[in-house]
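*Asks:* Sending over start_22.cif (mmCIF, C-alpha atoms).
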data_start
#
loop_
_atom_site.label_atom_id
_atom_site.label_comp_id
_atom_site.auth_asym_id
_atom_site.auth_seq_id
_atom_site.Cartn_x
_atom_site.Cartn_y
_atom_site.Cartn_z
CA MET J 29 30.79 67.60 6.64
CA ASP J 30 33.16 65.02 8.08
CA LYS J 31 36.81 65.72 7.23
CA SER J 32 37.38 62.17 6.02
CA ILE J 33 34.38 62.46 3.67
CA SER J 34 35.61 65.88 2.45
CA LYS J 35 39.07 64.50 1.86
CA THR J 36 37.65 61.53 -0.01
CA LYS J 37 35.62 63.87 -2.16
CA GLU J 38 38.66 66.03 -2.93
CA GLU J 39 40.70 62.98 -3.84
CA LEU J 40 37.87 61.74 -6.04
CA MET J 41 37.62 65.09 -7.78
CA ARG J 42 41.38 65.22 -8.34
CA SER J 43 41.32 61.74 -9.83
CA LEU J 44 38.32 62.62 -11.97
CA LYS J 45 39.63 63.87 -15.27
CA PRO J 46 36.71 63.97 -17.68
CA ALA J 47 37.49 63.69 -21.35
CA LYS J 48 37.25 66.93 -23.26
CA SER J 49 34.41 65.55 -25.34
CA TYR J 50 32.47 64.94 -22.14
CA LEU J 51 33.13 68.41 -20.70
CA ASP J 52 32.17 69.98 -23.96
CA SER J 53 28.82 68.24 -23.71
CA LEU J 54 28.06 70.13 -20.49
CA ALA J 55 26.49 73.53 -20.75
CA ASP J 56 28.57 74.65 -17.85
CA PHE J 57 31.08 72.82 -15.65
CA ASP J 58 29.45 74.47 -12.59
CA ASP J 59 26.33 72.46 -13.39
CA PHE J 60 28.44 69.36 -13.11
CA LEU J 61 29.71 70.43 -9.68
CA GLY J 62 26.20 71.36 -8.63
CA THR J 63 24.98 67.90 -9.56
CA ILE J 64 27.66 66.36 -7.34
CA LYS J 65 26.68 68.59 -4.43
CA GLN J 66 23.02 67.70 -4.83
CA ALA J 67 23.87 64.01 -4.90
CA GLU J 68 26.03 64.41 -1.80
CA SER J 69 23.25 66.23 0.03
CA ALA J 70 20.70 63.56 -0.91
CA ALA J 71 23.10 60.82 0.18
CA ASN J 72 23.64 62.47 3.56
CA GLU J 73 19.88 62.78 4.08
CA LEU J 74 19.46 59.12 3.19
CA ILE J 75 22.21 58.15 5.64
CA ASP J 76 20.51 60.13 8.41
CA GLU J 77 17.13 58.57 7.71
CA THR J 78 18.64 55.09 7.57
CA SER J 79 20.41 55.60 10.88
CA GLN J 80 17.17 56.68 12.51
CA ILE J 81 15.31 53.68 11.13
CA ALA J 82 18.08 51.32 12.25
CA ALA J 83 17.99 52.79 15.75
CA SER J 84 14.21 52.41 15.85
CA VAL J 85 14.37 48.80 14.67
CA LYS J 86 17.04 48.02 17.25
CA ASN J 87 14.91 49.46 20.03
CA THR J 88 11.87 47.54 18.82
CA GLN J 89 13.82 44.29 18.68
CA SER J 90 15.15 44.93 22.17
CA GLU J 91 11.64 45.52 23.50
CA ALA J 92 10.34 42.43 21.73
CA SER J 93 13.17 40.39 23.17
CA VAL J 94 12.35 41.50 26.69
CA ALA J 95 8.63 40.84 26.15
CA SER J 96 9.18 37.38 24.68
CA SER J 97 11.61 36.10 27.28
CA PRO J 98 8.96 35.13 29.83
CA ASN J 99 7.04 33.29 27.11
CA GLU J 100 10.14 31.41 26.06
CA GLU J 101 10.78 30.39 29.63
CA ALA J 102 7.15 29.35 30.02
CA THR J 103 7.40 27.31 26.82
CA GLU J 104 10.49 25.53 28.03
CA GLY J 105 8.95 24.97 31.40
CA SER J 106 5.75 23.60 29.86
CA ALA J 107 7.53 21.30 27.38
CA GLU J 108 6.26 17.76 27.59
CA LYS J 109 8.38 15.72 29.93
CA PRO J 110 9.80 12.52 28.38
CA ARG J 111 7.60 9.62 29.41
CA SER J 112 9.00 6.68 31.33
CA LEU J 113 9.11 3.13 30.02
CA ASP J 114 6.14 2.12 32.19
CA GLU J 115 4.10 5.11 31.00
CA LEU J 116 4.83 4.31 27.38
CA MET J 117 3.93 0.64 27.78
CA ALA J 118 0.68 1.71 29.44
CA ARG J 119 0.01 4.04 26.49
CA LEU J 120 0.57 1.12 24.13
CA ASP J 121 -1.90 -1.04 26.06
CA GLU J 122 -4.52 1.73 25.90
CA LEU J 123 -4.68 1.55 22.09
CA VAL J 124 -7.84 -0.03 20.74
CA GLY J 125 -7.26 -3.45 19.17
CA LEU J 126 -3.80 -4.19 17.69
CA ASP J 127 -3.28 -7.17 20.01
CA ASN J 128 -0.72 -8.79 17.71
CA ILE J 129 1.19 -5.53 17.36
CA LYS J 130 1.26 -4.93 21.10
CA GLN J 131 2.70 -8.38 21.71
CA SER J 132 5.31 -7.96 18.99
CA VAL J 133 6.41 -4.59 20.39
CA LYS J 134 6.68 -5.98 23.91
CA SER J 135 8.77 -8.91 22.69
CA LEU J 136 11.03 -6.57 20.77
CA ILE J 137 11.52 -4.30 23.77
CA ASN J 138 12.34 -7.31 25.94
CA LEU J 139 14.89 -8.45 23.37
CA VAL J 140 16.61 -5.08 23.34
CA LYS J 141 16.59 -4.81 27.15
CA VAL J 142 18.26 -8.22 27.54
CA ARG J 143 20.85 -7.34 24.88
CA LYS J 144 21.80 -4.26 26.88
CA LEU J 145 22.06 -6.35 30.03
CA ARG J 146 24.37 -8.77 28.20
CA GLU J 147 26.52 -5.85 27.06
CA GLU J 148 26.79 -4.62 30.64
CA ASN J 149 27.97 -8.09 31.63
CA GLU J 150 30.47 -8.18 28.75
CA LEU J 151 28.61 -10.93 26.94
CA PRO J 152 28.51 -11.05 23.11
CA ASN J 153 25.33 -10.29 21.19
CA PRO J 154 24.46 -11.51 17.69
CA PRO J 155 23.82 -8.82 15.03
CA LEU J 156 20.40 -7.19 15.32
CA SER J 157 18.50 -4.95 12.93
CA LEU J 158 15.76 -2.80 14.42
CA HIS J 159 14.50 -1.42 11.09
CA MET J 160 10.90 -2.45 10.47
CA VAL J 161 8.23 -2.87 7.83
CA PHE J 162 4.69 -1.84 8.80
CA THR J 163 2.05 -3.24 6.46
CA GLY J 164 -1.68 -2.73 6.39
CA ASN J 165 -4.45 -0.43 5.22
CA PRO J 166 -4.56 3.29 6.07
CA GLY J 167 -5.88 4.29 9.48
CA THR J 168 -4.77 1.14 11.31
CA GLY J 169 -2.49 2.88 13.83
CA LYS J 170 0.90 2.53 12.11
CA THR J 171 2.03 6.09 12.77
CA THR J 172 0.75 5.99 16.36
CA VAL J 173 2.71 2.82 17.13
CA ALA J 174 5.81 4.24 15.43
CA ARG J 175 5.62 7.32 17.65
CA ILE J 176 5.36 5.18 20.79
CA LEU J 177 8.27 3.03 19.60
CA SER J 178 10.48 6.06 19.10
CA GLU J 179 9.89 7.08 22.71
CA LEU J 180 10.31 3.52 23.96
CA TYR J 181 13.71 3.21 22.29
CA ARG J 182 14.76 6.51 23.84
CA ALA J 183 13.58 5.35 27.25
CA ILE J 184 15.71 2.18 27.13
CA GLY J 185 18.73 3.95 25.66
CA VAL J 186 18.67 2.63 22.10
CA LEU J 187 18.05 6.08 20.59
CA SER J 188 19.54 9.33 21.84
CA LYS J 189 16.58 11.62 21.13
CA GLY J 190 13.50 9.56 20.30
CA GLN J 191 11.87 11.93 17.79
CA LEU J 192 9.70 10.63 14.96
CA VAL J 193 10.18 12.17 11.52
CA GLU J 194 7.29 11.34 9.18
CA VAL J 195 7.77 11.59 5.40
CA ASP J 196 6.51 10.13 2.16
CA ARG J 197 8.05 10.11 -1.32
CA SER J 198 7.83 13.90 -1.62
CA GLY J 199 10.03 14.30 1.46
CA LEU J 200 12.86 12.33 -0.13
CA VAL J 201 12.66 12.76 -3.89
CA ALA J 202 13.40 15.99 -5.76
CA GLY J 203 12.38 16.92 -9.28
CA PHE J 204 15.83 17.48 -10.75
CA VAL J 205 18.88 15.33 -11.41
CA GLY J 206 21.32 15.42 -8.49
CA GLN J 207 18.87 16.97 -6.03
CA THR J 208 17.32 13.79 -4.64
CA ALA J 209 20.47 12.65 -2.82
CA ILE J 210 20.72 16.07 -1.17
CA LYS J 211 17.06 16.11 -0.13
CA THR J 212 17.17 12.54 1.20
CA THR J 213 20.34 13.26 3.15
CA GLU J 214 18.77 16.33 4.78
CA THR J 215 15.65 14.38 5.74
CA VAL J 216 17.55 11.42 7.18
CA THR J 217 19.87 13.76 9.08
CA SER J 218 16.84 15.36 10.77
CA ALA J 219 15.85 11.90 12.01
CA LEU J 220 19.21 10.95 13.53
CA GLY J 221 18.70 9.96 17.14
CA GLY J 222 15.15 8.86 16.40
CA ILE J 223 12.94 7.07 13.90
CA LEU J 224 12.42 7.95 10.25
CA PHE J 225 8.91 6.84 9.26
CA ILE J 226 8.41 6.58 5.48
CA ASP J 227 4.75 6.20 4.58
CA GLU J 228 3.82 4.64 1.23
CA ALA J 229 7.48 3.71 0.83
CA TYR J 230 6.66 1.49 -2.15
CA SER J 231 6.29 4.64 -4.26
CA LEU J 232 10.09 4.95 -4.15
CA ALA J 233 10.38 1.79 -6.26
CA PRO J 234 7.95 2.03 -9.17
CA GLU J 235 6.91 -0.87 -11.34
CA VAL J 236 9.46 -2.38 -13.72
CA GLY J 237 9.55 -0.56 -17.05
CA SER J 238 8.58 2.82 -15.66
CA GLY J 239 11.87 4.33 -16.87
CA ASN J 240 14.25 6.50 -14.93
CA ASP J 241 12.99 7.42 -11.51
CA PHE J 242 14.66 9.44 -8.76
CA GLY J 243 13.17 7.09 -6.17
CA ARG J 244 16.00 4.65 -6.76
CA GLU J 245 18.51 7.36 -5.94
CA ALA J 246 16.62 8.06 -2.70
CA ILE J 247 16.77 4.36 -1.78
CA GLU J 248 20.53 4.15 -2.39
CA THR J 249 21.15 7.30 -0.33
CA LEU J 250 18.90 6.01 2.44
CA LEU J 251 20.69 2.65 2.60
CA LYS J 252 24.09 4.32 2.86
CA MET J 253 22.98 6.58 5.68
CA MET J 254 21.33 3.66 7.49
CA GLU J 255 24.70 1.93 7.46
CA ASP J 256 26.67 5.04 8.44
CA HIS J 257 24.35 5.77 11.38
CA ARG J 258 23.23 2.27 12.30
CA ASN J 259 23.76 2.91 16.02
CA ASP J 260 21.46 5.92 16.28
CA LEU J 261 18.85 5.66 13.54
CA ILE J 262 15.87 3.38 12.99
CA VAL J 263 13.86 3.42 9.77
CA ILE J 264 10.29 2.21 9.48
CA VAL J 265 8.79 1.81 6.00
CA ALA J 266 5.02 1.51 5.74
CA GLY J 267 2.34 0.80 3.18
CA TYR J 268 -0.05 -1.75 1.72
CA SER J 269 1.08 -5.36 2.18
CA GLU J 270 1.43 -6.38 -1.47
CA GLN J 271 3.16 -3.19 -2.58
CA MET J 272 5.55 -3.29 0.36
CA GLU J 273 6.64 -6.82 -0.53
CA ARG J 274 7.52 -5.60 -4.02
CA PHE J 275 9.35 -2.63 -2.54
CA ILE J 276 11.55 -4.75 -0.26
CA LEU J 277 12.39 -7.16 -3.09
CA SER J 278 13.35 -4.28 -5.40
CA ASN J 279 16.77 -3.86 -3.78
CA PRO J 280 19.01 -6.43 -2.05
CA GLY J 281 20.04 -3.79 0.47
CA LEU J 282 16.44 -3.41 1.59
CA GLU J 283 16.02 -7.16 2.01
CA SER J 284 19.06 -7.42 4.26
CA ARG J 285 18.14 -4.49 6.49
CA PHE J 286 14.38 -4.87 6.84
CA ASN J 287 13.58 -8.24 8.33
CA ARG J 288 10.96 -7.32 10.95
CA TYR J 289 7.40 -7.20 9.70
CA PHE J 290 4.41 -5.85 11.61
CA GLU J 291 1.02 -6.56 10.00
CA PHE J 292 -1.65 -4.05 11.05
CA GLU J 293 -5.05 -5.62 10.63
CA ASP J 294 -8.26 -3.71 9.92
CA TYR J 295 -10.29 -2.64 12.94
CA ASN J 296 -13.48 -4.67 13.29
CA GLY J 297 -16.90 -3.14 13.95
CA GLU J 298 -16.60 -3.28 17.74
CA GLU J 299 -13.17 -1.62 17.65
CA LEU J 300 -14.36 1.12 15.30
CA ASN J 301 -17.25 1.79 17.67
CA GLU J 302 -14.84 1.96 20.61
CA ILE J 303 -12.62 4.43 18.77
CA PHE J 304 -15.65 6.57 17.98
CA GLY J 305 -16.77 6.48 21.61
CA SER J 306 -13.32 7.59 22.71
CA MET J 307 -13.43 10.56 20.34
CA CYS J 308 -16.82 11.59 21.71
CA SER J 309 -15.66 11.24 25.31
CA ASN J 310 -12.48 13.24 24.75
CA SER J 311 -14.51 16.10 23.26
CA GLU J 312 -17.26 15.82 25.90
CA TYR J 313 -20.04 14.63 23.62
CA VAL J 314 -22.59 12.01 24.69
CA LEU J 315 -24.89 9.91 22.54
CA THR J 316 -28.52 9.15 23.26
CA GLU J 317 -29.33 5.45 23.66
CA ASP J 318 -30.90 5.13 20.22
CA ALA J 319 -27.90 6.99 18.74
CA LYS J 320 -25.53 4.48 20.36
CA GLY J 321 -27.40 1.59 18.77
CA PHE J 322 -27.34 3.32 15.39
CA VAL J 323 -23.58 3.90 15.53
CA LYS J 324 -22.82 0.34 16.59
CA LYS J 325 -24.80 -1.08 13.69
CA HIS J 326 -23.28 1.45 11.28
CA PHE J 327 -19.72 0.38 12.04
CA SER J 328 -20.61 -3.30 11.95
CA VAL J 329 -22.06 -2.98 8.46
CA LEU J 330 -19.17 -0.78 7.38
CA TYR J 331 -16.65 -3.43 8.43
CA ASP J 332 -18.53 -6.26 6.73
CA MET J 333 -18.69 -4.31 3.46
CA ARG J 334 -15.13 -2.98 3.53
CA ASP J 335 -12.88 -3.07 0.45
CA GLU J 336 -9.25 -2.21 -0.27
CA ASN J 337 -10.04 1.49 0.31
CA PHE J 338 -11.37 0.93 3.82
CA GLY J 339 -10.27 3.90 5.96
CA ASN J 340 -10.39 2.31 9.44
CA ALA J 341 -9.75 4.90 12.20
CA ARG J 342 -9.23 7.57 9.55
CA TYR J 343 -12.83 7.06 8.46
CA VAL J 344 -13.99 7.24 12.08
CA ARG J 345 -12.24 10.57 12.52
CA ASN J 346 -13.88 12.03 9.40
CA PHE J 347 -17.26 10.60 10.42
CA PHE J 348 -16.98 12.11 13.89
CA GLU J 349 -16.05 15.54 12.53
CA HIS J 350 -19.00 15.43 10.12
CA ILE J 351 -21.39 14.55 12.95
CA VAL J 352 -20.07 17.44 15.04
CA SER J 353 -20.77 19.77 12.11
CA VAL J 354 -24.32 18.44 11.73
CA HIS J 355 -24.88 18.74 15.49
CA SER J 356 -23.70 22.36 15.38
CA ASP J 357 -26.15 23.19 12.58
CA ARG J 358 -29.03 21.74 14.60
CA VAL J 359 -28.12 23.37 17.90
CA SER J 360 -27.47 26.78 16.38
CA ALA J 361 -31.07 26.82 15.09
CA LEU J 362 -32.48 26.41 18.62
CA GLU J 363 -33.81 29.48 20.40
CA GLY J 364 -32.21 28.52 23.69
CA HIS J 365 -29.10 26.43 24.30
CA THR J 366 -28.68 24.28 27.38
CA ARG J 367 -25.49 22.45 28.31
CA GLU J 368 -27.25 19.23 27.42
CA ASP J 369 -28.00 20.56 23.93
CA LEU J 370 -24.34 21.43 23.44
CA THR J 371 -23.09 17.99 24.46
CA THR J 372 -25.74 15.57 23.20
CA ILE J 373 -25.58 13.87 19.81
CA THR J 374 -28.97 12.53 18.77
CA LEU J 375 -30.20 9.89 16.36
CA GLU J 376 -31.32 12.74 14.13
CA ASP J 377 -27.73 14.03 13.93
CA LEU J 378 -26.44 10.59 12.94
CA VAL J 379 -29.09 9.99 10.29
CA THR J 380 -28.44 13.40 8.77
CA ALA J 381 -24.70 12.81 8.80
CA THR J 382 -24.89 9.40 7.12
CA ASP J 383 -27.36 10.64 4.49
CA SER J 384 -25.29 13.69 3.53
#
Before we go any further, please render this structure as C-alpha cells.

*Replies:*
Amino acid sequence: MDKSISKTKEELMRSLKPAKSYLDSLADFDDFLGTIKQAESAANELIDETSQIAASVKNTQSEASVASSPNEEATEGSAEKPRSLDELMARLDELVGLDNIKQSVKSLINLVKVRKLREENELPNPPLSLHMVFTGNPGTGKTTVARILSELYRAIGVLSKGQLVEVDRSGLVAGFVGQTAIKTTETVTSALGGILFIDEAYSLAPEVGSGNDFGREAIETLLKMMEDHRNDLIVIVAGYSEQMERFILSNPGLESRFNRYFEFEDYNGEELNEIFGSMCSNSEYVLTEDAKGFVKKHFSVLYDMRDENFGNARYVRNFFEHIVSVHSDRVSALEGHTREDLTTITLEDLVTATDS
C-alpha cells in the first residue's frame, strides 16, 4: 500500500476516538478493524477498475478522434460556398410567381448598395430601417425569400454572417415568470449577424382583454435588442395580413421599427401547376399527357375555390408526396419494374390520390 495512504490511515485512526458507548456496542474491536480493512480493500479494487476503464475510454476517444478527422475535413471542404450577389439575384428570379416581391427586393438591394457608395464617398445618408413585415397566407414563399435576403445582405456587406434563424412564439416565450426575457435574448443572440424570422408573430400580442401574457415581455426584449444591435441584425415578422396589422399597432416601438411591408399573394392555378412540375422534375418523375391535363385542371379549380386556409405551395408539397406514395403502391404490385414504371405518374395515380 502507498506510504501516503498508509500514513493517512494511521492519522485517521489516531484521530478516531470512538465513544465508549459505541465501542461497547461492538462484539469485538477487532471486528471494527476488520471492517476498515475490508472497506480499504474494496476501495482499492474499485480504484484499479476505474483506472482501467478510464484508460480504455481514453484510448477509444483517441481512436475515434483519429477516425473522425478525415470526415471533419471533408465536411469543412464540402461546406456550401457563400453565393455571390449575381447568383443570389438569379435564384430570386427563378422563384415561381412573386413578381411584386422580386421587384421590391431588387429596389431594396439597390437602395442599400447606393447608401454604401455614398458612405464610401463621405456623403450623409438618412436613417434607414431594414426590418420588414411579411404578410400573406401560408405557403407563399415568405421563408424562402427571407433566406435569400439574408444571403443578399451578407453579400453586399450589410450583415456579417447572413444566417437565417426561424422561430415562432414558442422560440421566444417561456412558461414561467422571468424566463421569457432570457429565452428571447438567447434566440436573438443566435441571429446576430443575420436575420431573425418570426413566423406568426401576431401570437406575441394577443387580443385585448386576454390577461397577462409573456408575449409582451418577448416584444419588449426584442425591441431593446434590435436597438442595441441595429447595425448587425435584421428582424422579419410574418403572418396573416389582418393579424399582422394588429400586431404592429400593439406597440409604438414596433410601429417605428417596422415600416417595410411585403405582401405575398396567393399562387394562382398556373403557378401552382408550375411548382408541382418543378417538384416532379427535381425528383425525376414524369407525367403522362392525360395526367398533365388532370393536374392543370385540379390546381385551377383549387385556386378558384380557395378560402382563408388555402395552403398554396405547402399544399402542392403535400399533394406531391401523396401522389408519390400512391405511385409506389401501384408499382410495387407489378411483377416486373421498368425504369419507365419507376418514373411515370399516371392519370390513375392522380385520381387515386385526389379521391383518398

*Asks:* What separation in Å, quoted to one decimal, exists between atom CA of Phe347 of chain J and atom CA of Gln271 of chain J?

*Replies:* 27.9 Å

*Asks:* Which residues come within 9 Å of segment 195-212 of chain J, counting only C-alpha atoms, excluding same-chain residues fewer than 5 positions away, as a VMD selection string?

*Replies:* chain J and resid 217 224 to 232 242 to 243 245 to 250

*Asks:* For C-alpha atoms, I'd like the residues from the last selection saved as a compact mmCIF listing (two decimals), in the coordinates of the input.

*Replies:*
# COMPACT_ATOMS: atom_id res chain seq x y z
CA THR J 217 19.87 13.76 9.08
CA LEU J 224 12.42 7.95 10.25
CA PHE J 225 8.91 6.84 9.26
CA ILE J 226 8.41 6.58 5.48
CA ASP J 227 4.75 6.20 4.58
CA GLU J 228 3.82 4.64 1.23
CA ALA J 229 7.48 3.71 0.83
CA TYR J 230 6.66 1.49 -2.15
CA SER J 231 6.29 4.64 -4.26
CA LEU J 232 10.09 4.95 -4.15
CA PHE J 242 14.66 9.44 -8.76
CA GLY J 243 13.17 7.09 -6.17
CA GLU J 245 18.51 7.36 -5.94
CA ALA J 246 16.62 8.06 -2.70
CA ILE J 247 16.77 4.36 -1.78
CA GLU J 248 20.53 4.15 -2.39
CA THR J 249 21.15 7.30 -0.33
CA LEU J 250 18.90 6.01 2.44

*Asks:* Enumerate, as a list in words, the residues matched when the PyMOL selection byres ((chain J and resi 134) around 12) is run on the file above.

*Replies:*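 Selected by the PyMOL selection byres ((chain J and resi 134) around 12) here: Leu113, Asp114, Leu116, Met117, Ala118, Leu120, Asp121, Asp127, Asn128, Ile129, Lys130, Gln131, Ser132, Val133, Ser135, Leu136, Ile137, Asn138, Leu139, Val140, Lys141, Val173, Ile176, Leu177, Leu180 and Tyr181 of chain J.
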
*Asks:* Using the chain letters and numbering of this document, enumerate as a PyMOL selection string the residues selected by the PyMOL selection byres ((chain J and resi 326) around 12).

*Replies:* chain J and resi 296-298+300-301+304+319-325+327-333+344+347+378-379+381-382

*Asks:* Quick one: apply the PyMOL selection byres ((chain J and resi 221) around 7) to the file and drop the selected residues here as a list in words.

*Replies:*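 Expected selection for the PyMOL selection byres ((chain J and resi 221) around 7) here is Leu187, Ser188, Lys189, Gly190, Ala219, Leu220, Gly222, Asp260 and Leu261 of chain J.
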
*Asks:* Pick out the closest residue to Ser218 of chain J from this set: J:Ala183, J:Ala233, J:Val359, J:Met253. Count all atoms listed in the file.

*Replies:*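 Looking at the shortest contact to Ser218 of chain J, the residue is J:Met253.
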
*Asks:* Of the candidates J:Gly185, J:Gly339, J:Pro234, J:Gly364, which shows the shortest atom-to-atom distance to Lys144 of chain J, using only C-alpha atoms?

*Replies:*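 Closest to Lys144 of chain J of all the choices is J:Gly185.
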
*Asks:* Using all atoms listed in the file, can you list as a list of chain:residue names the residues within 9 Å of (-20.6, 16.8, 16.2)?

*Replies:*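 Residues with an atom at most 9 Å from (-20.6, 16.8, 16.2): J:Cys308, J:Tyr313, J:Phe348, J:Glu349, J:His350, J:Ile351, J:Val352, J:Ser353, J:Val354, J:His355, J:Ser356, J:Thr371, J:Thr372, J:Ile373, J:Asp377.
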
*Asks:* Near Phe286 of chain J, counting only C-alpha atoms, which residues have an atom at most 10 Å away, once you skip same-chain residues fewer than 6 positions from it, shown as number ranges by chain?

*Replies:* J: 157-161, 263-265, 276

*Asks:* Mind dumping the selected residues with C-alpha atoms as a PDB file, in the coordinates of the input?

*Replies:*
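The resulting file, out_30.pdb, is shown below:
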ATOM      1  CA  SER J 157      18.500  -4.950  12.930  1.00  0.00           C
ATOM      2  CA  LEU J 158      15.760  -2.800  14.420  1.00  0.00           C
ATOM      3  CA  HIS J 159      14.500  -1.420  11.090  1.00  0.00           C
ATOM      4  CA  MET J 160      10.900  -2.450  10.470  1.00  0.00           C
ATOM      5  CA  VAL J 161       8.230  -2.870   7.830  1.00  0.00           C
ATOM      6  CA  VAL J 263      13.860   3.420   9.770  1.00  0.00           C
ATOM      7  CA  ILE J 264      10.290   2.210   9.480  1.00  0.00           C
ATOM      8  CA  VAL J 265       8.790   1.810   6.000  1.00  0.00           C
ATOM      9  CA  ILE J 276      11.550  -4.750  -0.260  1.00  0.00           C
TER      10      ILE J 276
END

*Asks:* Report the distance between atom CA of Glu363 of chain J and atom CA of Ser309 of chain J in Å, rounded to one decimal place.

*Replies:*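 Interatomic distance, atom CA of Glu363 of chain J to atom CA of Ser309 of chain J: 26.2 Å.
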
*Asks:* Using all atoms listed in the file, can you tell me which of J:Ile223, J:Leu375, J:Ala266, J:Leu192 comes closest to Asp318 of chain J?

*Replies:*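 Closest candidate: J:Leu375.
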
*Asks:* Please indicate the distance in Å from atom CA of Glu291 of chain J to atom CA of Leu251 of chain J, rounded to one decimal place.

*Replies:*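 For atom CA of Glu291 of chain J relative to atom CA of Leu251 of chain J, the distance reads 22.9 Å.
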